[in-house]
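Asker: Contents of query-v9.cif (mmCIF, C-alpha atoms; chains and numbers go by the auth columns) are below:
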data_structure
loop_
_atom_site.group_PDB
_atom_site.id
_atom_site.type_symbol
_atom_site.label_atom_id
_atom_site.label_comp_id
_atom_site.label_asym_id
_atom_site.label_seq_id
_atom_site.Cartn_x
_atom_site.Cartn_y
_atom_site.Cartn_z
_atom_site.B_iso_or_equiv
_atom_site.auth_seq_id
_atom_site.auth_asym_id
ATOM 1 C CA MET A 1 15.825 -13.704 -4.769 0.00 1 S
ATOM 2 C CA GLU A 2 12.538 -11.835 -4.865 0.00 2 S
ATOM 3 C CA ALA A 3 9.345 -13.885 -4.644 0.00 3 S
ATOM 4 C CA THR A 4 7.177 -14.093 -7.737 0.00 4 S
ATOM 5 C CA LEU A 5 3.656 -12.702 -7.745 0.00 5 S
ATOM 6 C CA LYS A 6 2.271 -16.226 -7.530 0.00 6 S
ATOM 7 C CA GLU A 7 4.480 -17.051 -4.523 0.00 7 S
ATOM 8 C CA ARG A 8 3.495 -13.828 -2.784 0.00 8 S
ATOM 9 C CA ALA A 9 -0.192 -14.530 -3.425 0.00 9 S
ATOM 10 C CA HIS A 10 0.207 -17.988 -1.879 0.00 10 S
ATOM 11 C CA GLN A 11 1.918 -16.452 1.163 0.00 11 S
ATOM 12 C CA LEU A 12 -0.892 -13.950 1.573 0.00 12 S
ATOM 13 C CA LEU A 13 -3.545 -16.653 1.304 0.00 13 S
ATOM 14 C CA GLU A 14 -1.749 -18.744 3.914 0.00 14 S
ATOM 15 C CA GLN A 15 -1.790 -15.807 6.340 0.00 15 S
ATOM 16 C CA LEU A 16 -5.540 -15.218 6.054 0.00 16 S
ATOM 17 C CA PRO A 17 -7.838 -17.035 8.467 0.00 17 S
ATOM 18 C CA ALA A 18 -10.029 -19.842 7.111 0.00 18 S
ATOM 19 C CA SER A 19 -13.047 -17.601 7.659 0.00 19 S
ATOM 20 C CA ALA A 20 -11.674 -14.835 5.384 0.00 20 S
ATOM 21 C CA THR A 21 -13.997 -13.490 2.725 0.00 21 S
ATOM 22 C CA PHE A 22 -13.218 -12.473 -0.831 0.00 22 S
ATOM 23 C CA GLU A 23 -13.468 -8.870 0.372 0.00 23 S
ATOM 24 C CA ASP A 24 -10.823 -9.602 3.036 0.00 24 S
ATOM 25 C CA LEU A 25 -8.501 -10.941 0.345 0.00 25 S
ATOM 26 C CA MET A 26 -9.089 -7.937 -1.906 0.00 26 S
ATOM 27 C CA HIS A 27 -8.419 -5.575 0.998 0.00 27 S
ATOM 28 C CA GLU A 28 -5.131 -7.307 1.798 0.00 28 S
ATOM 29 C CA LEU A 29 -4.085 -7.210 -1.859 0.00 29 S
ATOM 30 C CA TYR A 30 -4.921 -3.506 -2.049 0.00 30 S
ATOM 31 C CA GLU A 31 -2.886 -2.764 1.083 0.00 31 S
ATOM 32 C CA LEU A 32 0.072 -4.798 -0.184 0.00 32 S
ATOM 33 C CA ARG A 33 0.045 -2.977 -3.523 0.00 33 S
ATOM 34 C CA SER A 34 -0.223 0.415 -1.790 0.00 34 S
ATOM 35 C CA ILE A 35 2.802 -0.381 0.369 0.00 35 S
ATOM 36 C CA GLU A 36 4.796 -1.533 -2.654 0.00 36 S
ATOM 37 C CA ARG A 37 3.973 1.680 -4.513 0.00 37 S
ATOM 38 C CA GLY A 38 4.990 3.761 -1.509 0.00 38 S
ATOM 39 C CA LEU A 39 8.305 1.951 -1.218 0.00 39 S
ATOM 40 C CA ALA A 40 8.943 2.411 -4.950 0.00 40 S
ATOM 41 C CA ASP A 41 8.191 6.134 -4.614 0.00 41 S
ATOM 42 C CA ALA A 42 10.591 6.380 -1.676 0.00 42 S
ATOM 43 C CA GLU A 43 13.352 4.617 -3.606 0.00 43 S
ATOM 44 C CA ALA A 44 12.804 6.946 -6.575 0.00 44 S
ATOM 45 C CA GLY A 45 12.861 10.051 -4.370 0.00 45 S
ATOM 46 C CA ARG A 46 9.209 10.899 -5.036 0.00 46 S
ATOM 47 C CA LEU A 47 8.379 11.960 -1.494 0.00 47 S
ATOM 48 C CA THR A 48 6.951 15.123 0.017 0.00 48 S
ATOM 49 C CA PRO A 49 8.373 16.035 3.424 0.00 49 S
ATOM 50 C CA HIS A 50 5.798 15.933 6.234 0.00 50 S
ATOM 51 C CA ASP A 51 5.963 19.685 6.956 0.00 51 S
ATOM 52 C CA GLU A 52 5.390 20.535 3.297 0.00 52 S
ATOM 53 C CA ALA A 53 2.504 18.067 2.973 0.00 53 S
ATOM 54 C CA ARG A 54 0.902 19.517 6.102 0.00 54 S
ATOM 55 C CA ARG A 55 1.242 23.058 4.708 0.00 55 S
ATOM 56 C CA ILE A 56 -0.378 22.002 1.415 0.00 56 S
ATOM 57 C CA VAL A 57 -3.275 20.286 3.182 0.00 57 S
ATOM 58 C CA LEU A 58 -3.875 23.219 5.506 0.00 58 S
ATOM 59 C CA GLN A 59 -3.872 25.635 2.561 0.00 59 S
ATOM 60 C CA GLY A 60 -6.510 23.505 0.868 0.00 60 S
ATOM 61 C CA ILE A 61 -8.675 23.465 3.990 0.00 61 S
ATOM 62 C CA LYS A 62 -8.521 27.249 4.376 0.00 62 S
ATOM 63 C CA LYS A 63 -9.815 27.813 0.838 0.00 63 S
#
Write the structure described by the file as structure tokens, please.

Answerer:
Amino acid sequence: MEATLKERAHQLLEQLPASATFEDLMHELYELRSIERGLADAEAGRLTPHDEARRIVLQGIKK
């Protein structure tokens, strides 16, 4: 069973040190969401192979 958003938020809060700031929490939430989006893209086949991504970036730099 997949954890609910509330359960996941509690888990994240438990992992942060007592000295964590609001900015620390927001950063962790942003990273978690970015990872989830990446995994969803991978599952849906929305990936660009590394060699192709490198070629696209290098083309953009040369312009």

Asker: Evaluating the PyMOL selection byres ((chain S and resi 28-36) around 12) on the displayed file yields which residues, as number ranges by chain?

Answerer: S: 5, 8-13, 15-16, 20-27, 37-43

Asker: What is the CA of His50 in chain S-CA of Lys62 in chain S distance in Å, reported with one decimal?

Answerer: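 Between CA of His50 in chain S and CA of Lys62 in chain S the gap works out to 18.3 Å.
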
Asker: Quick one: axis-aligned box around all listed atoms of range 22-39 of chain S, 8 Å on every side, centre and edge lengths in Å to one decimal, written as lines of an AutoDock Vina configuration file.

Answerer:
center_x = -2.6
center_y = -4.4
center_z = -0.7
size_x = 37.8
size_y = 32.2
size_z = 23.5
